[in-house]
file target_5.cif (mmCIF, C-alpha atoms and all ligand atoms)
data_coords
#
loop_
_atom_site.label_atom_id
_atom_site.label_comp_id
_atom_site.auth_asym_id
_atom_site.auth_seq_id
_atom_site.Cartn_x
_atom_site.Cartn_y
_atom_site.Cartn_z
CA MET A 1 34.50 19.13 -50.52
CA SER A 2 35.08 22.63 -49.20
CA SER A 3 34.42 23.31 -45.56
CA PRO A 4 31.16 25.31 -46.11
CA ALA A 5 29.86 22.56 -48.43
CA ARG A 6 30.68 19.94 -45.84
CA LEU A 7 28.78 21.95 -43.23
CA ALA A 8 25.81 22.31 -45.58
CA ALA A 9 25.76 18.53 -46.20
CA ALA A 10 25.92 17.88 -42.46
CA ALA A 11 23.08 20.37 -41.87
CA LEU A 12 20.98 18.64 -44.56
CA ALA A 13 21.59 15.22 -43.01
CA LEU A 14 20.53 16.57 -39.64
CA ALA A 15 17.52 18.34 -41.11
CA LEU A 16 16.08 15.27 -42.88
CA PRO A 17 14.90 13.30 -39.86
CA GLY A 18 13.47 16.52 -38.46
CA ALA A 19 11.61 17.21 -41.69
CA ALA A 20 10.16 13.72 -41.64
CA PHE A 21 9.16 14.18 -37.99
CA ALA A 22 7.45 17.48 -38.78
CA GLN A 23 5.14 15.64 -41.18
CA THR A 24 3.77 13.34 -38.49
CA PRO A 25 0.48 14.53 -36.97
CA PRO A 26 0.86 16.84 -33.98
CA ALA A 27 0.84 14.94 -30.69
CA ALA A 28 -2.39 16.61 -29.58
CA SER A 29 -4.41 14.94 -32.34
CA ALA A 30 -2.94 11.46 -31.68
CA PRO A 31 -4.86 9.26 -29.24
CA ALA A 32 -3.30 9.66 -25.81
CA ALA A 33 -1.79 6.57 -24.23
CA PRO A 34 -4.23 5.38 -21.55
CA ALA A 35 -3.15 6.59 -18.12
CA GLU A 36 -2.21 3.93 -15.60
CA ALA A 37 -5.17 3.24 -13.30
CA PHE A 38 -3.11 3.21 -10.09
CA ALA A 39 0.11 4.89 -9.00
CA LEU A 40 2.63 4.52 -6.18
CA ALA A 41 2.57 7.55 -3.87
CA PRO A 42 5.84 8.65 -2.29
CA LEU A 43 6.41 7.61 1.32
CA PRO A 44 5.14 10.28 3.75
CA TYR A 45 8.62 10.33 5.40
CA ALA A 46 12.25 9.52 4.50
CA TYR A 47 13.40 5.89 4.15
CA GLU A 48 15.46 6.19 7.34
CA ALA A 49 12.72 7.98 9.32
CA LEU A 50 11.50 4.84 11.10
CA GLU A 51 14.95 3.80 12.37
CA PRO A 52 15.91 2.12 14.58
CA VAL A 53 12.60 0.23 14.51
CA ILE A 54 12.60 -0.36 10.74
CA ASP A 55 15.86 0.16 8.81
CA ALA A 56 16.20 2.36 5.72
CA GLN A 57 17.18 -0.47 3.37
CA THR A 58 14.07 -2.47 4.29
CA MET A 59 11.91 0.59 3.63
CA ARG A 60 13.63 1.32 0.32
CA ILE A 61 13.09 -2.21 -1.00
CA HIS A 62 9.63 -2.59 0.54
CA HIS A 63 8.26 0.63 -0.94
CA GLY A 64 10.29 0.94 -4.14
CA LYS A 65 10.33 -2.72 -5.20
CA HIS A 66 7.55 -4.68 -3.48
CA HIS A 67 4.84 -2.01 -3.45
CA GLN A 68 5.85 -0.74 -6.91
CA GLY A 69 5.56 -4.32 -8.14
CA TYR A 70 2.00 -4.64 -6.82
CA VAL A 71 1.07 -1.35 -8.54
CA ASN A 72 2.61 -2.41 -11.85
CA ASN A 73 0.96 -5.84 -11.78
CA LEU A 74 -2.40 -4.37 -10.72
CA ASN A 75 -2.30 -1.91 -13.64
CA ALA A 76 -1.50 -4.77 -16.03
CA ALA A 77 -4.38 -6.84 -14.61
CA VAL A 78 -6.81 -3.92 -14.91
CA LYS A 79 -5.76 -3.34 -18.54
CA ALA A 80 -6.44 -7.02 -19.25
CA THR A 81 -9.89 -6.90 -17.59
CA PRO A 82 -12.09 -4.25 -19.26
CA ALA A 83 -14.87 -4.60 -16.64
CA LEU A 84 -12.48 -3.21 -13.98
CA GLN A 85 -11.54 -0.04 -15.81
CA GLY A 86 -12.61 3.12 -14.02
CA LYS A 87 -13.49 1.27 -10.80
CA SER A 88 -12.12 2.30 -7.41
CA LEU A 89 -9.77 -0.06 -5.62
CA GLU A 90 -12.35 -0.51 -2.85
CA ALA A 91 -15.00 -1.54 -5.40
CA ILE A 92 -12.58 -4.01 -6.99
CA LEU A 93 -11.71 -5.54 -3.60
CA ALA A 94 -15.38 -5.97 -2.72
CA GLU A 95 -15.85 -8.34 -5.68
CA VAL A 96 -12.39 -9.88 -5.71
CA GLN A 97 -13.70 -13.43 -5.24
CA ASN A 98 -15.06 -13.25 -8.81
CA LEU A 99 -11.86 -11.86 -10.33
CA PRO A 100 -8.52 -13.31 -11.47
CA PRO A 101 -5.98 -14.08 -8.68
CA ALA A 102 -3.65 -11.37 -10.02
CA VAL A 103 -6.28 -8.75 -9.18
CA ARG A 104 -6.71 -10.13 -5.66
CA ASN A 105 -2.99 -10.36 -4.90
CA ASN A 106 -1.90 -7.07 -6.44
CA GLY A 107 -5.04 -5.07 -5.63
CA GLY A 108 -4.73 -6.20 -2.03
CA GLY A 109 -1.01 -5.50 -2.11
CA HIS A 110 -1.55 -1.94 -3.31
CA TYR A 111 -4.37 -1.20 -0.85
CA ASN A 112 -2.62 -2.75 2.16
CA HIS A 113 0.71 -1.02 1.64
CA THR A 114 -0.87 2.38 0.95
CA LEU A 115 -2.59 2.03 4.33
CA PHE A 116 0.51 0.65 6.06
CA TRP A 117 2.85 3.54 5.15
CA LYS A 118 0.38 6.06 6.59
CA LEU A 119 -0.10 3.97 9.74
CA MET A 120 3.56 4.46 10.63
CA ALA A 121 5.43 7.56 11.75
CA PRO A 122 8.92 8.32 13.07
CA PRO A 123 9.35 7.07 16.66
CA GLY A 124 7.86 9.54 19.14
CA THR A 125 5.68 11.35 16.58
CA GLY A 126 2.66 9.06 16.15
CA GLY A 127 0.63 10.52 19.01
CA GLN A 128 -1.68 8.58 21.32
CA PRO A 129 -4.98 6.75 20.87
CA SER A 130 -7.92 9.17 20.94
CA ALA A 131 -10.29 8.98 23.90
CA ALA A 132 -12.93 7.40 21.63
CA LEU A 133 -10.60 4.74 20.21
CA GLU A 134 -9.09 3.92 23.59
CA ALA A 135 -12.56 3.56 25.16
CA GLN A 136 -13.66 1.21 22.38
CA ILE A 137 -10.46 -0.86 22.73
CA ARG A 138 -11.07 -1.19 26.49
CA LYS A 139 -14.69 -2.18 25.83
CA ASP A 140 -13.81 -4.87 23.28
CA PHE A 141 -10.49 -6.20 24.63
CA GLY A 142 -10.52 -5.29 28.34
CA SER A 143 -7.36 -3.17 28.23
CA MET A 144 -4.84 -1.64 25.85
CA ASP A 145 -2.30 -4.32 26.84
CA ALA A 146 -4.79 -7.10 26.11
CA PHE A 147 -5.48 -5.56 22.68
CA LYS A 148 -1.75 -5.33 21.89
CA GLU A 149 -1.25 -8.94 22.98
CA ALA A 150 -4.13 -10.09 20.74
CA PHE A 151 -2.82 -8.08 17.78
CA GLN A 152 0.71 -9.43 18.17
CA ALA A 153 -0.64 -12.99 18.51
CA ALA A 154 -2.63 -12.55 15.28
CA GLY A 155 0.57 -11.51 13.49
CA ALA A 156 2.72 -14.20 15.11
CA GLN A 157 0.24 -17.00 14.39
CA ARG A 158 -0.26 -16.12 10.73
CA PHE A 159 1.54 -19.01 9.01
CA GLY A 160 3.63 -17.82 6.07
CA SER A 161 2.90 -14.32 4.76
CA GLY A 162 0.05 -12.01 5.63
CA TRP A 163 -1.26 -9.17 7.73
CA ALA A 164 -2.54 -8.44 11.24
CA TRP A 165 -5.53 -6.10 11.52
CA LEU A 166 -7.63 -4.11 13.93
CA VAL A 167 -10.97 -3.53 12.19
CA TRP A 168 -14.24 -1.81 12.96
CA THR A 169 -16.90 -4.40 12.07
CA GLY A 170 -19.84 -2.01 12.35
CA ASP A 171 -20.58 -2.53 16.04
CA ARG A 172 -17.23 -3.49 17.61
CA LEU A 173 -13.49 -3.64 17.11
CA ALA A 174 -11.97 -6.99 16.18
CA VAL A 175 -8.47 -8.33 15.68
CA THR A 176 -8.02 -10.57 12.67
CA SER A 177 -5.31 -11.72 10.32
CA THR A 178 -5.33 -12.44 6.61
CA PRO A 179 -3.07 -14.54 4.36
CA ASN A 180 -1.00 -13.16 1.48
CA GLN A 181 -2.32 -9.70 0.48
CA ASP A 182 -5.91 -10.38 1.49
CA ASN A 183 -7.68 -7.76 3.60
CA PRO A 184 -10.96 -7.14 5.46
CA LEU A 185 -12.48 -5.25 2.51
CA MET A 186 -12.49 -8.33 0.31
CA GLY A 187 -15.89 -9.75 -0.53
CA ASP A 188 -14.98 -13.16 0.90
CA ALA A 189 -13.00 -11.98 3.97
CA PRO A 190 -13.84 -14.09 7.05
CA VAL A 191 -13.93 -10.92 9.20
CA LYS A 192 -15.11 -7.89 7.22
CA GLY A 193 -14.67 -4.36 8.40
CA ALA A 194 -12.94 -1.02 8.06
CA PRO A 195 -9.21 -1.22 8.86
CA VAL A 196 -8.07 0.88 11.83
CA ILE A 197 -4.57 -0.60 12.31
CA ALA A 198 -2.65 -2.89 9.93
CA ASN A 199 0.74 -4.52 10.21
CA ASP A 200 2.57 -6.31 7.42
CA VAL A 201 3.97 -9.63 8.67
CA TRP A 202 5.57 -10.72 5.40
CA GLU A 203 9.25 -11.51 5.93
CA HIS A 204 10.12 -8.69 3.50
CA ALA A 205 8.85 -6.25 6.17
CA TYR A 206 11.41 -7.28 8.79
CA TYR A 207 13.88 -9.91 7.58
CA LEU A 208 16.97 -7.71 7.06
CA LYS A 209 16.87 -6.58 10.68
CA HIS A 210 15.12 -9.38 12.58
CA GLN A 211 15.71 -12.41 10.29
CA ASN A 212 13.33 -15.15 11.50
CA ASN A 213 12.26 -13.32 14.68
CA ARG A 214 8.81 -12.03 13.73
CA GLY A 215 7.93 -11.65 17.42
CA ALA A 216 10.67 -9.03 17.92
CA TYR A 217 9.38 -7.08 14.91
CA LEU A 218 5.79 -7.22 16.21
CA SER A 219 6.65 -6.11 19.74
CA GLY A 220 8.95 -3.29 18.51
CA TRP A 221 6.48 -2.05 15.90
CA TRP A 222 4.27 -0.14 18.38
CA ALA A 223 7.01 2.52 18.56
CA VAL A 224 6.31 3.52 14.94
CA LEU A 225 2.53 3.10 14.98
CA ASN A 226 0.87 6.33 13.86
CA TRP A 227 -2.00 6.55 16.34
CA ASN A 228 -3.07 9.84 14.73
CA GLU A 229 -3.89 7.95 11.53
CA ALA A 230 -5.53 5.07 13.45
CA ASN A 231 -7.70 7.66 15.26
CA ARG A 232 -8.68 9.21 11.93
CA LEU A 233 -9.58 5.82 10.41
CA PHE A 234 -11.62 4.84 13.50
CA ASP A 235 -13.43 8.17 13.49
CA ALA A 236 -14.27 7.88 9.76
CA ALA A 237 -15.40 4.25 10.12
CA THR A 238 -17.64 4.85 13.15
CA ARG A 239 -19.19 8.02 11.68
CA LYS A 240 -19.99 6.10 8.49
CA GLY A 241 -21.74 3.39 10.50
CA LYS A 242 -24.07 5.85 12.29
MN MN B 301 4.83 -5.77 2.32
#
call {"tool": "encode", "arguments": {"input": "target_5.cif", "output": "structure tokens", "more": "lines below"}}
Ligand code: MN
result
Amino acid sequence: MSSPARLAAAALALALPGAAFAQTPPAASAPAAPAEAFALAPLPYAYEALEPVIDAQTMRIHHGKHHQGYVNNLNAAVKATPALQGKSLEAILAEVQNLPPAVRNNGGGHYNHTLFWKLMAPPGTGGQPSAALEAQIRKDFGSMDAFKEAFQAAGAQRFGSGWAWLVWTGDRLAVTSTPNQDNPLMGDAPVKGAPVIANDVWEHAYYLKHQNNRGAYLSGWWAVLNWNEANRLFDAATRKGK
């Protein structure tokens, strides 16, 4: 075979799959793959931004593996449950007691972590409690120190995995804790309310740095609490209730 003929044969071989492809319907007329219902947002800061309180490797695994896993599993559960399609996460959580456990665990996991990332900020940048939030904390707990003690105790006393919460119940602030990925929005939550502060007390949140010492994680965590976001959540929750 001469060189030009060889080139022509090669060109023909390359052209054939393309020709076959060109005969398939244009992508625009094919039914689009259904979009995933929920997505993982990027962290609002760098993985190392919370050091030395929370180390970069913990943040990388916590956001990229754990939270991503909840999102993936929630999307799979929603696909398998037609009645949930198109519903907001808040609406799903409100009726979670009637839904499969995968929806509860992964829906809660997605909601809680989305809240948690925003409720943290690099040390020294999270601001201070607003006058309104601080006054309400003093009214319901006696002092800021007493509130912090109650919040840390809620986290420390949660057996196994779960969350510590400060919630607005409609007429007061309350500290509560939930197991697993449960939260105060769930239809069967023992203390219902709008989250103002949330802390993840699963071992995956602190184990690389603190190992079994959850107390050290809880007492150090105030340095990365984003009071600006807590103020915003409190303001939105109390305005809604009026
Ligand atoms: Mn977590």
call {"tool": "closest_residue", "arguments": {"input": "target_5.cif", "among": "A:Gln157, A:Asn199, A:Asn228, A:Thr238", "to": "ligand MN 301 (chain B)", "atoms": "all atoms listed in the file"}}
result
A:Asn199
call {"tool": "residues_around", "arguments": {"input": "target_5.cif", "residues": "Pro101 in chain A", "least_positions_apart": "4", "cutoff": "12 Å", "atoms": "all atoms listed in the file", "output": "MDAnalysis selection string"}}
result
chainID A and resid 73:74 77:78 93 95:97 105:109 180:182
call {"tool": "closest_atom_pairs", "arguments": {"input": "target_5.cif", "of": "chain A", "to": "ligand MN 301 (chain B)", "cutoff": "12 Å", "atoms": "only C-alpha atoms and all ligand atoms", "output": "CSV"}}
result
residue,atom,partner,partner_atom,distance
A:Thr58,CA,B:MN301,MN,10.0
A:Met59,CA,B:MN301,MN,9.6
A:Arg60,CA,B:MN301,MN,11.5
A:Ile61,CA,B:MN301,MN,9.6
A:His62,CA,B:MN301,MN,6.0
A:His63,CA,B:MN301,MN,8.0
A:Gly64,CA,B:MN301,MN,10.8
A:Lys65,CA,B:MN301,MN,9.8
A:His66,CA,B:MN301,MN,6.5
A:His67,CA,B:MN301,MN,6.9
A:Gln68,CA,B:MN301,MN,10.6
A:Gly69,CA,B:MN301,MN,10.6
A:Tyr70,CA,B:MN301,MN,9.6
A:Asn105,CA,B:MN301,MN,11.6
A:Asn106,CA,B:MN301,MN,11.1
A:Gly108,CA,B:MN301,MN,10.5
A:Gly109,CA,B:MN301,MN,7.3
A:His110,CA,B:MN301,MN,9.3
A:Tyr111,CA,B:MN301,MN,10.8
A:Asn112,CA,B:MN301,MN,8.0
A:His113,CA,B:MN301,MN,6.3
A:Thr114,CA,B:MN301,MN,10.0
A:Leu115,CA,B:MN301,MN,11.0
A:Phe116,CA,B:MN301,MN,8.6
A:Trp117,CA,B:MN301,MN,9.9
A:Ser161,CA,B:MN301,MN,9.1
A:Gly162,CA,B:MN301,MN,8.5
A:Trp163,CA,B:MN301,MN,8.8
A:Ala164,CA,B:MN301,MN,11.9
A:Pro179,CA,B:MN301,MN,12.0
A:Asn180,CA,B:MN301,MN,9.5
A:Gln181,CA,B:MN301,MN,8.4
A:Asp182,CA,B:MN301,MN,11.7
A:Ala198,CA,B:MN301,MN,11.1
A:Asn199,CA,B:MN301,MN,9.0
A:Asp200,CA,B:MN301,MN,5.6
A:Val201,CA,B:MN301,MN,7.5
A:Trp202,CA,B:MN301,MN,5.9
A:Glu203,CA,B:MN301,MN,8.1
A:His204,CA,B:MN301,MN,6.2
A:Ala205,CA,B:MN301,MN,5.6
A:Tyr206,CA,B:MN301,MN,9.4
A:Tyr207,CA,B:MN301,MN,11.3
call {"tool": "atom_distance", "arguments": {"input": "target_5.cif", "atom1": "CA of Asn75 in chain A", "atom2": "CA of Leu233 in chain A"}}
result
26.3 Å
call {"tool": "residues_near_point", "arguments": {"input": "target_5.cif", "point": "(-11.5, -6.5, 4.1)", "cutoff": "8 Å", "atoms": "only C-alpha atoms", "output": "PDB file with C-alpha atoms, keeping the file's coordinate frame"}}
result
ATOM      1  CA  LEU A  93     -11.710  -5.540  -3.600  1.00  0.00           C
ATOM      2  CA  ALA A  94     -15.380  -5.970  -2.720  1.00  0.00           C
ATOM      3  CA  ASP A 182      -5.910 -10.380   1.490  1.00  0.00           C
ATOM      4  CA  ASN A 183      -7.680  -7.760   3.600  1.00  0.00           C
ATOM      5  CA  PRO A 184     -10.960  -7.140   5.460  1.00  0.00           C
ATOM      6  CA  LEU A 185     -12.480  -5.250   2.510  1.00  0.00           C
ATOM      7  CA  MET A 186     -12.490  -8.330   0.310  1.00  0.00           C
ATOM      8  CA  GLY A 187     -15.890  -9.750  -0.530  1.00  0.00           C
ATOM      9  CA  ALA A 189     -13.000 -11.980   3.970  1.00  0.00           C
ATOM     10  CA  VAL A 191     -13.930 -10.920   9.200  1.00  0.00           C
ATOM     11  CA  LYS A 192     -15.110  -7.890   7.220  1.00  0.00           C
ATOM     12  CA  GLY A 193     -14.670  -4.360   8.400  1.00  0.00           C
ATOM     13  CA  ALA A 194     -12.940  -1.020   8.060  1.00  0.00           C
ATOM     14  CA  PRO A 195      -9.210  -1.220   8.860  1.00  0.00           C
TER      15      PRO A 195
END
call {"tool": "axis_aligned_box", "arguments": {"input": "target_5.cif", "around": "range 74-84 of chain A", "padding_each_side": "6 Å", "output": "lines of an AutoDock Vina configuration file"}}
result
center_x = -8.2
center_y = -4.5
center_z = -15.0
size_x = 25.4
size_y = 17.1
size_z = 20.5
call {"tool": "closest_residue", "arguments": {"input": "target_5.cif", "among": "A:Leu43, A:Ala102, A:Ala49, A:Ile54", "to": "Pro122 in chain A", "atoms": "all atoms listed in the file"}}
result
A:Ala49
call {"tool": "atom_distance", "arguments": {"input": "target_5.cif", "atom1": "CA of Arg239 in chain A", "atom2": "CA of Gly86 in chain A"}}
result
27.0 Å
call {"tool": "atom_distance", "arguments": {"input": "target_5.cif", "atom1": "CA of Ala121 in chain A", "atom2": "CA of Arg158 in chain A"}}
result
24.4 Å
call {"tool": "build_atoms", "arguments": {"input": "target_5.cif", "residues": "range 70-90 of chain A", "atoms": "N, CA and C atoms", "output": "PDB file, keeping the file's coordinate frame"}}
result
ATOM      1  N   TYR A  70       3.457  -4.423  -6.922  1.00  0.00           N
ATOM      2  CA  TYR A  70       2.000  -4.640  -6.820  1.00  0.00           C
ATOM      3  C   TYR A  70       1.258  -3.630  -7.708  1.00  0.00           C
ATOM      4  N   VAL A  71       1.713  -2.392  -7.716  1.00  0.00           N
ATOM      5  CA  VAL A  71       1.070  -1.350  -8.540  1.00  0.00           C
ATOM      6  C   VAL A  71       1.193  -1.711 -10.022  1.00  0.00           C
ATOM      7  N   ASN A  72       2.399  -2.072 -10.441  1.00  0.00           N
ATOM      8  CA  ASN A  72       2.610  -2.410 -11.850  1.00  0.00           C
ATOM      9  C   ASN A  72       1.741  -3.599 -12.275  1.00  0.00           C
ATOM     10  N   ASN A  73       1.721  -4.628 -11.441  1.00  0.00           N
ATOM     11  CA  ASN A  73       0.960  -5.840 -11.780  1.00  0.00           C
ATOM     12  C   ASN A  73      -0.537  -5.588 -11.727  1.00  0.00           C
ATOM     13  N   LEU A  74      -0.972  -4.720 -10.790  1.00  0.00           N
ATOM     14  CA  LEU A  74      -2.400  -4.370 -10.720  1.00  0.00           C
ATOM     15  C   LEU A  74      -2.812  -3.615 -11.989  1.00  0.00           C
ATOM     16  N   ASN A  75      -1.981  -2.671 -12.415  1.00  0.00           N
ATOM     17  CA  ASN A  75      -2.300  -1.910 -13.640  1.00  0.00           C
ATOM     18  C   ASN A  75      -2.377  -2.838 -14.847  1.00  0.00           C
ATOM     19  N   ALA A  76      -1.470  -3.811 -14.918  1.00  0.00           N
ATOM     20  CA  ALA A  76      -1.500  -4.770 -16.030  1.00  0.00           C
ATOM     21  C   ALA A  76      -2.784  -5.602 -15.972  1.00  0.00           C
ATOM     22  N   ALA A  77      -3.173  -6.017 -14.758  1.00  0.00           N
ATOM     23  CA  ALA A  77      -4.380  -6.840 -14.610  1.00  0.00           C
ATOM     24  C   ALA A  77      -5.632  -6.045 -14.962  1.00  0.00           C
ATOM     25  N   VAL A  78      -5.658  -4.760 -14.586  1.00  0.00           N
ATOM     26  CA  VAL A  78      -6.810  -3.920 -14.910  1.00  0.00           C
ATOM     27  C   VAL A  78      -6.908  -3.712 -16.425  1.00  0.00           C
ATOM     28  N   LYS A  79      -5.751  -3.500 -17.069  1.00  0.00           N
ATOM     29  CA  LYS A  79      -5.760  -3.340 -18.540  1.00  0.00           C
ATOM     30  C   LYS A  79      -6.303  -4.584 -19.224  1.00  0.00           C
ATOM     31  N   ALA A  80      -6.024  -5.746 -18.634  1.00  0.00           N
ATOM     32  CA  ALA A  80      -6.440  -7.020 -19.250  1.00  0.00           C
ATOM     33  C   ALA A  80      -7.889  -7.365 -18.906  1.00  0.00           C
ATOM     34  N   THR A  81      -8.530  -6.586 -18.047  1.00  0.00           N
ATOM     35  CA  THR A  81      -9.890  -6.900 -17.590  1.00  0.00           C
ATOM     36  C   THR A  81     -10.768  -5.660 -17.771  1.00  0.00           C
ATOM     37  N   PRO A  82     -11.367  -5.490 -18.956  1.00  0.00           N
ATOM     38  CA  PRO A  82     -12.090  -4.250 -19.260  1.00  0.00           C
ATOM     39  C   PRO A  82     -13.145  -3.888 -18.219  1.00  0.00           C
ATOM     40  N   ALA A  83     -13.784  -4.885 -17.611  1.00  0.00           N
ATOM     41  CA  ALA A  83     -14.870  -4.600 -16.640  1.00  0.00           C
ATOM     42  C   ALA A  83     -14.357  -3.835 -15.429  1.00  0.00           C
ATOM     43  N   LEU A  84     -13.024  -3.872 -15.169  1.00  0.00           N
ATOM     44  CA  LEU A  84     -12.480  -3.210 -13.980  1.00  0.00           C
ATOM     45  C   LEU A  84     -12.109  -1.755 -14.232  1.00  0.00           C
ATOM     46  N   GLN A  85     -12.066  -1.362 -15.505  1.00  0.00           N
ATOM     47  CA  GLN A  85     -11.540  -0.040 -15.810  1.00  0.00           C
ATOM     48  C   GLN A  85     -12.463   1.057 -15.282  1.00  0.00           C
ATOM     49  N   GLY A  86     -11.859   2.022 -14.601  1.00  0.00           N
ATOM     50  CA  GLY A  86     -12.610   3.120 -14.020  1.00  0.00           C
ATOM     51  C   GLY A  86     -13.148   2.832 -12.629  1.00  0.00           C
ATOM     52  N   LYS A  87     -12.979   1.596 -12.139  1.00  0.00           N
ATOM     53  CA  LYS A  87     -13.490   1.270 -10.800  1.00  0.00           C
ATOM     54  C   LYS A  87     -12.484   1.662  -9.723  1.00  0.00           C
ATOM     55  N   SER A  88     -12.996   1.998  -8.540  1.00  0.00           N
ATOM     56  CA  SER A  88     -12.120   2.300  -7.410  1.00  0.00           C
ATOM     57  C   SER A  88     -11.520   0.998  -6.896  1.00  0.00           C
ATOM     58  N   LEU A  89     -10.399   1.127  -6.189  1.00  0.00           N
ATOM     59  CA  LEU A  89      -9.770  -0.060  -5.620  1.00  0.00           C
ATOM     60  C   LEU A  89     -10.698  -0.739  -4.614  1.00  0.00           C
ATOM     61  N   GLU A  90     -11.424   0.064  -3.835  1.00  0.00           N
ATOM     62  CA  GLU A  90     -12.350  -0.510  -2.850  1.00  0.00           C
ATOM     63  C   GLU A  90     -13.442  -1.326  -3.539  1.00  0.00           C
TER      64      GLU A  90
END
